[in-house]
Structures are given as C-alpha cells and as structure tokens.
file query.tsv (TSV, C-alpha atoms)
chain	number	residue	atom	x	y	z
A	1	MET	CA	178.74	58.62	61.39
A	2	THR	CA	178.99	62.18	60.14
A	3	THR	CA	176.00	63.86	58.54
A	4	ASN	CA	177.87	64.64	55.32
A	5	ARG	CA	179.31	61.20	54.64
A	6	ARG	CA	177.44	59.08	52.11
A	7	ILE	CA	176.33	55.73	53.45
A	8	ASP	CA	177.71	53.16	51.05
A	9	SER	CA	175.18	50.46	51.94
A	10	LEU	CA	172.29	52.76	51.03
A	11	ASP	CA	173.92	53.71	47.72
A	12	VAL	CA	174.49	50.03	46.95
A	13	LEU	CA	170.88	49.09	47.72
A	14	ARG	CA	169.63	51.99	45.62
A	15	GLY	CA	172.04	51.06	42.83
A	16	LEU	CA	171.10	47.39	42.88
A	17	THR	CA	167.45	48.38	42.65
A	18	MET	CA	168.12	50.82	39.80
A	19	ALA	CA	170.14	48.29	37.81
A	20	LEU	CA	167.40	45.69	38.23
A	21	MET	CA	164.77	48.24	37.20
A	22	VAL	CA	166.64	48.86	33.94
A	23	LEU	CA	166.99	45.10	33.45
A	24	VAL	CA	163.32	44.19	33.86
A	25	ASN	CA	162.00	47.22	31.96
A	26	ASN	CA	164.03	46.51	28.81
A	27	PRO	CA	163.69	42.88	27.72
A	28	GLY	CA	164.42	41.99	24.13
A	29	THR	CA	160.80	40.88	23.81
A	30	TRP	CA	157.99	40.81	26.34
A	31	LYS	CA	156.86	37.49	24.86
A	32	ALA	CA	159.99	35.68	26.08
A	33	VAL	CA	161.06	36.65	29.61
A	34	TYR	CA	162.31	34.41	32.41
A	35	PRO	CA	159.57	34.12	35.09
A	36	PRO	CA	161.55	35.84	37.92
A	37	LEU	CA	161.91	38.88	35.65
A	38	ARG	CA	158.14	39.21	35.22
A	39	HIS	CA	155.59	40.84	37.49
A	40	ALA	CA	152.96	38.63	39.07
A	41	ALA	CA	149.92	38.45	36.77
A	42	TRP	CA	147.67	39.54	39.66
A	43	ASN	CA	147.99	38.21	43.22
A	44	GLY	CA	151.44	36.96	44.21
A	45	LEU	CA	154.99	38.20	44.51
A	46	THR	CA	158.00	37.81	42.22
A	47	PRO	CA	161.51	39.27	42.61
A	48	THR	CA	160.58	41.87	39.98
A	49	ASP	CA	157.62	43.01	42.10
A	50	CYS	CA	160.08	44.03	44.84
A	51	ILE	CA	162.01	46.52	42.71
A	52	PHE	CA	159.71	49.55	42.67
A	53	PRO	CA	158.73	49.27	46.36
A	54	THR	CA	162.40	48.95	47.36
A	55	PHE	CA	163.14	52.17	45.49
A	56	LEU	CA	160.25	53.87	47.31
A	57	PHE	CA	161.51	52.52	50.63
A	58	VAL	CA	165.04	53.78	49.90
A	59	MET	CA	163.61	57.21	49.13
A	60	GLY	CA	162.08	57.24	52.61
A	61	VAL	CA	165.38	56.23	54.22
A	62	SER	CA	167.21	58.92	52.27
A	63	MET	CA	164.67	61.53	53.36
A	64	TYR	CA	165.52	60.94	57.01
A	65	LEU	CA	169.26	61.20	56.40
A	66	SER	CA	168.83	64.33	54.28
A	67	PHE	CA	166.20	66.17	56.33
A	68	ARG	CA	167.96	65.70	59.65
A	69	LYS	CA	170.76	67.98	58.39
A	70	SER	CA	168.26	70.86	58.45
A	71	ASN	CA	166.54	69.66	61.62
A	72	PHE	CA	163.66	68.36	59.48
A	73	ARG	CA	162.94	71.79	58.00
A	74	PRO	CA	164.09	71.39	54.39
A	75	GLY	CA	162.19	74.44	53.10
A	76	TRP	CA	161.34	75.09	49.47
A	77	LYS	CA	163.45	72.22	48.13
A	78	VAL	CA	160.56	69.87	49.01
A	79	LEU	CA	158.20	71.67	46.65
A	80	ARG	CA	160.91	71.93	43.99
A	81	ARG	CA	161.74	68.22	44.08
A	82	THR	CA	158.07	67.22	44.13
A	83	VAL	CA	157.32	69.34	41.06
A	84	LEU	CA	160.45	68.14	39.25
A	85	LEU	CA	159.72	64.45	39.86
A	86	ILE	CA	156.14	64.79	38.62
A	87	GLY	CA	157.19	67.01	35.72
A	88	ILE	CA	159.99	64.71	34.55
A	89	GLY	CA	157.64	61.74	34.79
A	90	LEU	CA	155.07	63.48	32.60
A	91	LEU	CA	157.78	64.53	30.13
A	92	LEU	CA	159.09	60.96	29.84
A	93	ASN	CA	155.53	59.72	29.29
A	94	TYR	CA	155.00	62.37	26.59
A	95	ILE	CA	158.18	61.49	24.70
A	96	SER	CA	157.42	57.77	24.98
A	97	THR	CA	154.00	58.46	23.47
A	98	LEU	CA	155.62	60.25	20.53
A	99	VAL	CA	158.12	57.41	20.01
A	100	ARG	CA	155.24	54.93	19.89
A	101	GLY	CA	153.55	57.01	17.20
A	102	GLY	CA	151.19	59.18	19.19
A	103	GLY	CA	148.15	58.72	21.37
A	104	PRO	CA	146.82	60.14	24.64
A	105	LEU	CA	149.28	61.16	27.33
A	106	ARG	CA	149.43	58.96	30.42
A	107	PHE	CA	149.22	61.18	33.50
A	108	THR	CA	150.27	58.58	36.07
A	109	GLY	CA	153.63	56.86	36.33
A	110	VAL	CA	156.61	55.80	38.44
A	111	LEU	CA	158.18	59.25	38.92
A	112	GLN	CA	154.76	60.80	39.48
A	113	ARG	CA	154.21	58.41	42.36
A	114	PHE	CA	157.68	59.20	43.69
A	115	GLY	CA	156.84	62.89	43.56
A	116	LEU	CA	153.51	62.54	45.35
A	117	CYS	CA	154.92	60.24	48.03
A	118	PHE	CA	157.96	62.48	48.54
A	119	GLY	CA	155.92	65.66	48.85
A	120	ILE	CA	153.24	64.29	51.17
A	121	THR	CA	155.71	62.37	53.33
A	122	ALA	CA	157.91	65.46	53.60
A	123	VAL	CA	154.99	67.51	54.89
A	124	LEU	CA	154.17	64.83	57.45
A	125	VAL	CA	157.70	64.33	58.79
A	126	CYS	CA	158.29	68.07	59.02
A	127	THR	CA	155.03	68.95	60.78
A	128	VAL	CA	154.17	65.92	62.94
A	129	GLU	CA	156.11	64.60	65.92
A	130	HIS	CA	157.98	61.53	64.73
A	131	LYS	CA	156.55	59.36	67.49
A	132	TRP	CA	153.19	59.60	65.70
A	133	LEU	CA	154.49	58.55	62.26
A	134	PRO	CA	154.10	54.78	62.82
A	135	TRP	CA	150.47	55.42	63.76
A	136	ILE	CA	149.91	57.51	60.65
A	137	ALA	CA	151.39	54.73	58.49
A	138	ALA	CA	149.13	52.20	60.24
A	139	LEU	CA	146.10	54.46	59.77
A	140	LEU	CA	146.82	54.81	56.04
A	141	LEU	CA	147.19	51.05	55.63
A	142	GLY	CA	144.03	50.44	57.68
A	143	ALA	CA	141.99	52.97	55.69
A	144	TYR	CA	143.24	51.48	52.43
A	145	SER	CA	142.36	47.98	53.63
A	146	ALA	CA	138.79	49.20	54.13
A	147	ILE	CA	138.81	50.66	50.61
A	148	LEU	CA	139.89	47.31	49.18
A	149	PHE	CA	137.23	45.42	51.15
A	150	LEU	CA	134.37	47.81	50.39
A	151	GLY	CA	135.36	48.85	46.89
A	152	SER	CA	135.96	45.47	45.21
A	153	GLY	CA	139.66	46.27	45.42
A	154	TYR	CA	140.71	42.83	44.19
A	155	ALA	CA	138.47	42.84	41.14
A	156	TYR	CA	140.75	42.64	38.12
A	157	GLY	CA	138.63	44.91	35.98
A	158	PRO	CA	136.50	48.07	35.75
A	159	ASP	CA	134.36	47.13	38.78
A	160	ASN	CA	137.34	47.88	41.02
A	161	LEU	CA	136.91	51.18	42.88
A	162	LEU	CA	140.56	52.02	42.17
A	163	SER	CA	139.82	51.80	38.46
A	164	ARG	CA	136.62	53.86	38.72
A	165	VAL	CA	138.45	56.66	40.55
A	166	ASP	CA	141.36	56.78	38.07
A	167	ILE	CA	139.08	56.76	35.04
A	168	GLY	CA	136.82	59.37	36.64
A	169	VAL	CA	139.72	61.71	37.38
A	170	PHE	CA	142.02	61.17	34.38
A	171	GLY	CA	139.89	59.48	31.73
A	172	ALA	CA	140.32	55.94	30.46
A	173	GLY	CA	142.83	56.97	27.78
A	174	HIS	CA	145.19	58.71	30.19
A	175	ILE	CA	146.08	55.85	32.53
A	176	TYR	CA	148.05	52.63	32.20
A	177	ASN	CA	145.28	50.25	31.25
A	178	ASP	CA	145.81	46.75	32.57
A	179	HIS	CA	142.23	45.44	32.69
A	180	ASN	CA	141.37	49.06	33.62
A	181	ILE	CA	143.81	48.91	36.56
A	182	ASP	CA	146.61	51.48	36.81
A	183	PRO	CA	149.45	50.24	39.06
A	184	GLU	CA	150.35	53.87	39.89
A	185	GLY	CA	146.79	55.08	40.39
A	186	LEU	CA	145.49	57.64	42.85
A	187	LEU	CA	144.01	55.53	45.65
A	188	SER	CA	146.94	53.11	45.71
A	189	THR	CA	149.14	56.11	46.48
A	190	LEU	CA	147.82	55.92	50.07
A	191	PRO	CA	149.68	52.69	50.99
A	192	SER	CA	152.68	53.99	49.02
A	193	ILE	CA	152.85	56.99	51.37
A	194	ALA	CA	152.78	54.57	54.32
A	195	HIS	CA	155.53	52.66	52.52
A	196	THR	CA	157.68	55.80	52.32
A	197	LEU	CA	157.00	56.59	55.99
A	198	ILE	CA	158.24	53.13	56.97
A	199	GLY	CA	161.41	53.79	55.00
A	200	PHE	CA	161.80	57.12	56.80
A	201	LEU	CA	161.50	55.42	60.19
A	202	VAL	CA	164.06	52.77	59.22
A	203	GLY	CA	166.31	55.66	58.14
A	204	GLY	CA	166.33	56.74	61.78
A	205	LEU	CA	167.58	53.30	62.78
A	206	LEU	CA	170.24	53.42	60.07
A	207	ALA	CA	171.44	56.81	61.31
A	208	ARG	CA	171.91	55.27	64.77
A	209	ARG	CA	173.69	52.22	63.29
A	210	ASP	CA	171.22	49.82	64.90
A	211	ASP	CA	171.86	46.93	62.49
A	212	SER	CA	170.44	44.28	64.78
A	213	VAL	CA	167.30	46.35	65.33
A	214	ILE	CA	167.00	46.97	61.58
A	215	LEU	CA	167.14	43.24	60.90
A	216	GLY	CA	164.60	42.59	63.65
A	217	VAL	CA	162.23	45.19	62.21
A	218	GLY	CA	162.67	43.58	58.79
A	219	VAL	CA	161.62	40.20	60.15
A	220	LEU	CA	158.58	41.73	61.89
A	221	LEU	CA	157.48	43.56	58.73
A	222	VAL	CA	157.77	40.46	56.55
A	223	THR	CA	155.90	38.39	59.14
A	224	ALA	CA	153.14	41.00	59.43
A	225	GLY	CA	152.81	41.18	55.65
A	226	VAL	CA	152.64	37.41	55.19
A	227	VAL	CA	150.03	37.06	57.95
A	228	LEU	CA	147.95	39.94	56.57
A	229	ALA	CA	148.10	38.28	53.13
A	230	LEU	CA	145.75	35.61	54.49
A	231	TRP	CA	142.99	38.24	54.23
A	232	LEU	CA	144.47	40.77	51.81
A	233	PRO	CA	146.61	38.91	49.25
A	234	LEU	CA	149.94	40.26	48.08
A	235	ASN	CA	149.25	42.37	45.01
A	236	LYS	CA	151.55	44.97	43.49
A	237	LYS	CA	149.02	46.36	41.03
A	238	VAL	CA	146.75	47.55	43.83
A	239	TRP	CA	149.69	47.98	46.26
A	240	SER	CA	147.89	45.96	48.92
A	241	PRO	CA	148.82	46.58	52.58
A	242	SER	CA	150.28	43.07	52.78
A	243	PHE	CA	152.41	43.88	49.74
A	244	ALA	CA	153.60	47.14	51.31
A	245	LEU	CA	154.58	45.47	54.60
A	246	THR	CA	156.24	42.45	53.01
A	247	THR	CA	158.31	44.42	50.49
A	248	CYS	CA	159.27	46.98	53.14
A	249	GLY	CA	160.42	44.08	55.29
A	250	ILE	CA	162.50	42.58	52.48
A	251	ALA	CA	164.10	45.98	51.77
A	252	THR	CA	164.77	46.49	55.48
A	253	LEU	CA	166.50	43.12	55.73
A	254	LEU	CA	168.63	43.92	52.68
A	255	LEU	CA	169.57	47.33	54.07
A	256	GLY	CA	170.54	45.84	57.45
A	257	LEU	CA	172.59	43.12	55.77
A	258	PHE	CA	174.33	45.57	53.42
A	259	ASP	CA	175.08	47.98	56.24
A	260	TRP	CA	176.67	45.16	58.23
A	261	LEU	CA	178.68	43.85	55.26
A	262	ILE	CA	179.71	47.19	53.73
A	263	ASP	CA	179.73	49.97	56.32
A	264	ASP	CA	180.26	48.02	59.53
A	265	ARG	CA	182.40	44.94	58.85
A	266	ARG	CA	183.66	46.19	55.46
A	267	VAL	CA	183.62	42.64	54.14
A	268	TRP	CA	182.10	43.68	50.81
A	269	ARG	CA	184.43	46.29	49.31
A	270	GLN	CA	183.93	45.96	45.54
A	271	THR	CA	180.72	47.96	45.35
A	272	GLY	CA	181.60	50.42	42.58
A	273	PHE	CA	179.26	48.90	39.99
A	274	PHE	CA	176.16	49.34	42.14
A	275	LYS	CA	177.26	52.71	43.54
A	276	THR	CA	177.57	53.99	39.98
A	277	PHE	CA	173.82	53.42	39.60
A	278	GLY	CA	172.94	54.36	43.16
A	279	THR	CA	174.64	57.75	43.35
A	280	ASN	CA	172.84	59.03	40.23
A	281	ALA	CA	169.66	56.96	40.17
A	282	ILE	CA	167.32	59.50	38.55
A	283	TYR	CA	169.94	60.22	35.88
A	284	CYS	CA	170.21	56.47	35.18
A	285	TYR	CA	166.42	56.17	35.01
A	286	ILE	CA	166.26	58.93	32.38
A	287	ILE	CA	169.21	57.53	30.41
A	288	ALA	CA	167.50	54.12	30.35
A	289	HIS	CA	164.48	55.74	28.68
A	290	ILE	CA	166.72	57.48	26.14
A	291	VAL	CA	168.50	54.20	25.34
A	292	ALA	CA	165.14	52.50	24.75
A	293	TRP	CA	163.89	55.35	22.52
A	294	VAL	CA	167.06	55.44	20.43
A	295	SER	CA	167.10	51.65	20.09
A	296	ASP	CA	163.50	51.63	18.86
A	297	LEU	CA	163.81	54.64	16.54
A	298	THR	CA	167.00	53.39	14.90
A	299	GLY	CA	165.64	49.87	14.52
A	300	PHE	CA	168.51	48.41	16.57
A	301	HIS	CA	166.13	46.68	18.95
A	302	ARG	CA	164.33	44.82	16.17
A	303	TRP	CA	167.56	44.09	14.30
A	304	PHE	CA	169.20	42.61	17.39
A	305	MET	CA	166.29	40.34	18.19
A	306	ASP	CA	165.90	39.26	14.56
A	307	ILE	CA	169.57	38.27	14.45
A	308	ALA	CA	169.78	36.74	17.94
A	309	GLY	CA	166.42	34.99	17.92
A	310	ARG	CA	163.46	35.67	20.17
A	311	THR	CA	164.17	33.43	23.14
A	312	GLU	CA	164.22	34.06	26.87
A	313	PHE	CA	168.02	33.97	26.84
A	314	THR	CA	168.46	36.48	24.02
A	315	SER	CA	165.78	38.68	25.59
A	316	LEU	CA	167.88	38.71	28.77
A	317	VAL	CA	171.06	39.44	26.78
A	318	TYR	CA	169.43	42.49	25.23
A	319	ALA	CA	168.30	43.69	28.67
A	320	LEU	CA	171.83	43.24	30.04
A	321	LEU	CA	173.16	45.25	27.10
A	322	CYS	CA	170.84	48.11	28.10
A	323	VAL	CA	172.11	47.88	31.69
A	324	ALA	CA	175.70	48.04	30.43
A	325	ILE	CA	175.01	51.14	28.31
A	326	VAL	CA	173.37	52.95	31.22
A	327	TYR	CA	176.29	51.98	33.46
A	328	LEU	CA	178.82	53.35	30.99
A	329	ALA	CA	176.83	56.59	30.73
A	330	ALA	CA	176.84	57.02	34.52
A	331	LEU	CA	180.42	55.86	35.17
A	332	PRO	CA	182.15	59.19	34.32
A	333	LEU	CA	179.89	61.00	36.80
A	334	TYR	CA	180.66	58.48	39.53
A	335	ARG	CA	184.41	58.67	38.93
A	336	ARG	CA	184.31	62.46	39.12
A	337	LYS	CA	182.07	62.31	42.22
A	338	ILE	CA	179.35	64.25	40.42
A	339	PHE	CA	176.00	63.47	42.02
A	340	ILE	CA	172.99	64.94	40.23
A	341	LYS	CA	170.22	65.92	42.65
A	342	LEU	CA	166.80	67.34	41.98
call {"tool": "encode", "arguments": {"input": "query.tsv", "output": "structure tokens"}}
result
Amino acid sequence: MTTNRRIDSLDVLRGLTMALMVLVNNPGTWKAVYPPLRHAAWNGLTPTDCIFPTFLFVMGVSMYLSFRKSNFRPGWKVLRRTVLLIGIGLLLNYISTLVRGGGPLRFTGVLQRFGLCFGITAVLVCTVEHKWLPWIAALLLGAYSAILFLGSGYAYGPDNLLSRVDIGVFGAGHIYNDHNIDPEGLLSTLPSIAHTLIGFLVGGLLARRDDSVILGVGVLLVTAGVVLALWLPLNKKVWSPSFALTTCGIATLLLGLFDWLIDDRRVWRQTGFFKTFGTNAIYCYIIAHIVAWVSDLTGFHRWFMDIAGRTEFTSLVYALLCVAIVYLAALPLYRRKIFIKL
C-alpha cells in the first residue's frame, strides 16, 4: 500500500458514519422517531449511539495514516486543524443560536470535542514512543473510571461531578443541558482521547494490512467493554469507559470487514455513495447544518411535516431528504476529486 493512496474502506466507513449522522440529526420531528434512530435515554446502547464514537475512532485511524507520511512530525498543521475544528464548532453553535431566535452561546459541541481530541492525541503520538500509547489509553480510562465512581458519575442530574465541572467552567447557560449533563463536556473528553488513541493504534494495523488481527482486536475490545459494563454501564452521555471500548470494538470490526471486502477482496465495488460523504466529511457536516437552517428559516420543515403528517415514517422521509440534499451538494466535489481538508 502506498502512502499517498486513499484507503477506500476507511473512506466508506467515514462516509457511512457521516451519512448516518445527518440522518439521525435531522428527523422531521423529534416526537416521532424510530427507536434505533434515537440515543439511549441514559444507560444503554443504540445504533445511533455508535455514530459519534465511530467518527472519533476513524479520526484516530486517519491520524496514523496521515502522520506517518511526515514520520509523525506533522508540525504546525496540528495547531491549525485543532483551532479550526474548535472555531468552526463555535461558529456553527453561534449561527444555530441565531436561527433559534437568540440565547446564550453553547461553548461545547461535536467539533469542539474533535478539535480537543485531535490536538491532544497529536501531541501524544508525536512525543511519546508508540509502545506506550496503549498504556496511556488504559491510564486515561482507569482515571476516568475513578472519577465516575467517586464523583457520582452516573447521577442523571446536577449532583454529577461532570455536570458540576462544566457548569463551573462554562456556566449553566453555555452547555447542552440534558438534566445538567453535557454529552461533550470537559471531563468526558478524557475517555474520548483514549478513544482516539485506540483508533490511532488500529490505524497502524490497517497500514500493515493485518485484517485478521484487526478483527481479533475488535472482538477483544467489544468483549472488554461488555464485561466492564457489569460495573460501569454503557453510557454515551458520560462516555463511560465501557462505552468507549465497546464502540471502538464495533468500529474496529467494521473497518476490518470493510477492508477485507473493499480493499482486499474487492467484492464490494459500488462504494461511491458513501465515499462521497467520506472524502469530504467536514464539508458535509457543515452543509447539513446549512440545510437545517434554511429549511427552518424558510418554513419548509414545518410545511413538509404539516403536509406529510407527523409520524415516524414521515419523520424518517424528511431525514432521508436531508441526506439526499447533502449528498448532491458533495457529489460534484467527489467527481472532481476535490477533497477539502482543514
């Protein structure tokens, strides 16, 4: 495998994740959504809960493949990308606030977490011998487990230490308030960094084309996560260590399967739809926000649901329409092999 060739299986996994993210974030109405397209109310795991962590995992895999080209010395582009991810996330939050009619700016968010995890992971993988990275990931997960045990980390309310830290740092009005829990809060960034490190380590296996090893690692991660869930339940909103391990394992299994089907055996050849999303994921993420804003401001969203009826099926149809619009917006870039990078 050459260092400059894109790995189709990784683009497909990233694209599948991006398309699903658009789908679940844009239902016709939040009051009528099929259960698999909802997040778990608290403890538990749904297919939707796997989307964000898979994206974070894929970022870690991509970091290995990208950084190895510069012998893991990427230079100033790390700082640039970190700042851009956080900045774009804040900008999207600001515009969303204006579209909703005003209110305090939310400081945390999906891209902000990507930025923090990218920047911190980049520093680690470029300054620490890679043989120590699994131990660092384990240390982060272990330390966070202690935080959950000692800080009422499974309290679904303001008594949770995670909530107290976020409110103390940002203020109650500047976080996503789900019973005072922010799913992209500060302390839960610790297991997310471990999550990204695991993706980075799997990226090394992908670079060596060790599909059987990748699948084996996936099984081990899922097993470890399920066993750990006996003491620390699966919970996306606090990003529990069991959640991190289980979702990393699922993503690893998917990556190994896709690599075998697409890049190795070449059984799955019609991958253009997912690669359209996967080769310009950040662009698609931004376009999805723009589509939602325009739909709300023009009244199309309300008009569509009033005409179609507010059922789970019509809610899904509206979400699929949003996916189609984002796809059409990204398709010209894919056809011209234009890949927008931060």
call {"tool": "residues_around", "arguments": {"input": "query.tsv", "residues": "range 298-300 of chain A", "least_positions_apart": "6", "cutoff": "12 Å", "atoms": "all atoms listed in the file", "output": "PyMOL selection string"}}
result
chain A and resi 28+99+290-292+306-308+318+321-322
call {"tool": "atom_distance", "arguments": {"input": "query.tsv", "atom1": "CA of Gly309 in chain A", "atom2": "CA of Lys31 in chain A"}}
result
12.1 Å
call {"tool": "atom_distance", "arguments": {"input": "query.tsv", "atom1": "CA of Arg38 in chain A", "atom2": "CA of Ala319 in chain A"}}
result
12.9 Å
call {"tool": "closest_residue", "arguments": {"input": "query.tsv", "among": "A:Leu331, A:Leu261, A:Val83, A:Ala32", "to": "Asn280 in chain A", "atoms": "only C-alpha atoms"}}
result
A:Leu331
call {"tool": "closest_residue", "arguments": {"input": "query.tsv", "among": "A:Met63, A:Leu141, A:Val238, A:Val123", "to": "Gly153 in chain A", "atoms": "all atoms listed in the file"}}
result
A:Val238
call {"tool": "decode", "arguments": {"input": "query.tsv", "residues": "range 288-311 of chain A", "atoms": "N, CA and C atoms", "output": "short mmCIF file (atom, residue, chain, number, x, y, z; two decimals), in the first residue's frame"}}
result
data_model
loop_
_atom_site.label_atom_id
_atom_site.label_comp_id
_atom_site.auth_asym_id
_atom_site.auth_seq_id
_atom_site.Cartn_x
_atom_site.Cartn_y
_atom_site.Cartn_z
N ALA A 288 -24.91 20.08 6.14
CA ALA A 288 -26.09 19.57 6.83
C ALA A 288 -26.67 20.64 7.76
N HIS A 289 -25.80 21.39 8.43
CA HIS A 289 -26.28 22.48 9.28
C HIS A 289 -26.97 23.56 8.44
N ILE A 290 -26.35 23.89 7.31
CA ILE A 290 -26.94 24.92 6.44
C ILE A 290 -28.31 24.50 5.93
N VAL A 291 -28.42 23.23 5.53
CA VAL A 291 -29.71 22.70 5.07
C VAL A 291 -30.77 22.83 6.16
N ALA A 292 -30.40 22.49 7.39
CA ALA A 292 -31.35 22.59 8.51
C ALA A 292 -31.75 24.04 8.77
N TRP A 293 -30.77 24.95 8.73
CA TRP A 293 -31.09 26.37 8.95
C TRP A 293 -32.04 26.90 7.88
N VAL A 294 -31.71 26.63 6.63
CA VAL A 294 -32.52 27.13 5.52
C VAL A 294 -33.93 26.55 5.60
N SER A 295 -34.03 25.27 5.90
CA SER A 295 -35.33 24.61 6.00
C SER A 295 -36.18 25.24 7.09
N ASP A 296 -35.56 25.56 8.21
CA ASP A 296 -36.30 26.17 9.32
C ASP A 296 -36.68 27.62 9.01
N LEU A 297 -35.72 28.39 8.47
CA LEU A 297 -35.97 29.81 8.22
C LEU A 297 -37.01 30.04 7.11
N THR A 298 -37.02 29.15 6.12
CA THR A 298 -37.98 29.29 5.03
C THR A 298 -39.35 28.69 5.36
N GLY A 299 -39.41 27.95 6.45
CA GLY A 299 -40.66 27.30 6.82
C GLY A 299 -40.89 25.98 6.11
N PHE A 300 -39.91 25.52 5.29
CA PHE A 300 -40.09 24.27 4.55
C PHE A 300 -40.26 23.09 5.50
N HIS A 301 -39.48 23.08 6.55
CA HIS A 301 -39.54 21.98 7.51
C HIS A 301 -40.96 21.82 8.04
N ARG A 302 -41.53 22.91 8.54
CA ARG A 302 -42.87 22.84 9.11
C ARG A 302 -43.90 22.50 8.03
N TRP A 303 -43.75 23.13 6.86
CA TRP A 303 -44.70 22.86 5.77
C TRP A 303 -44.69 21.38 5.39
N PHE A 304 -43.51 20.80 5.26
CA PHE A 304 -43.40 19.40 4.87
C PHE A 304 -44.08 18.50 5.88
N MET A 305 -43.81 18.73 7.16
CA MET A 305 -44.38 17.86 8.17
C MET A 305 -45.88 18.08 8.32
N ASP A 306 -46.35 19.31 8.10
CA ASP A 306 -47.79 19.55 8.15
C ASP A 306 -48.50 18.80 7.02
N ILE A 307 -47.88 18.80 5.84
CA ILE A 307 -48.49 18.12 4.69
C ILE A 307 -48.39 16.60 4.83
N ALA A 308 -47.20 16.13 5.22
CA ALA A 308 -46.95 14.68 5.26
C ALA A 308 -47.55 14.00 6.48
N GLY A 309 -47.72 14.76 7.56
CA GLY A 309 -48.19 14.15 8.80
C GLY A 309 -47.02 13.81 9.71
N ARG A 310 -47.22 13.95 10.98
CA ARG A 310 -46.11 13.79 11.93
C ARG A 310 -46.07 12.36 12.48
N THR A 311 -45.57 11.47 11.65
CA THR A 311 -45.42 10.07 12.04
C THR A 311 -43.95 9.68 11.99
#
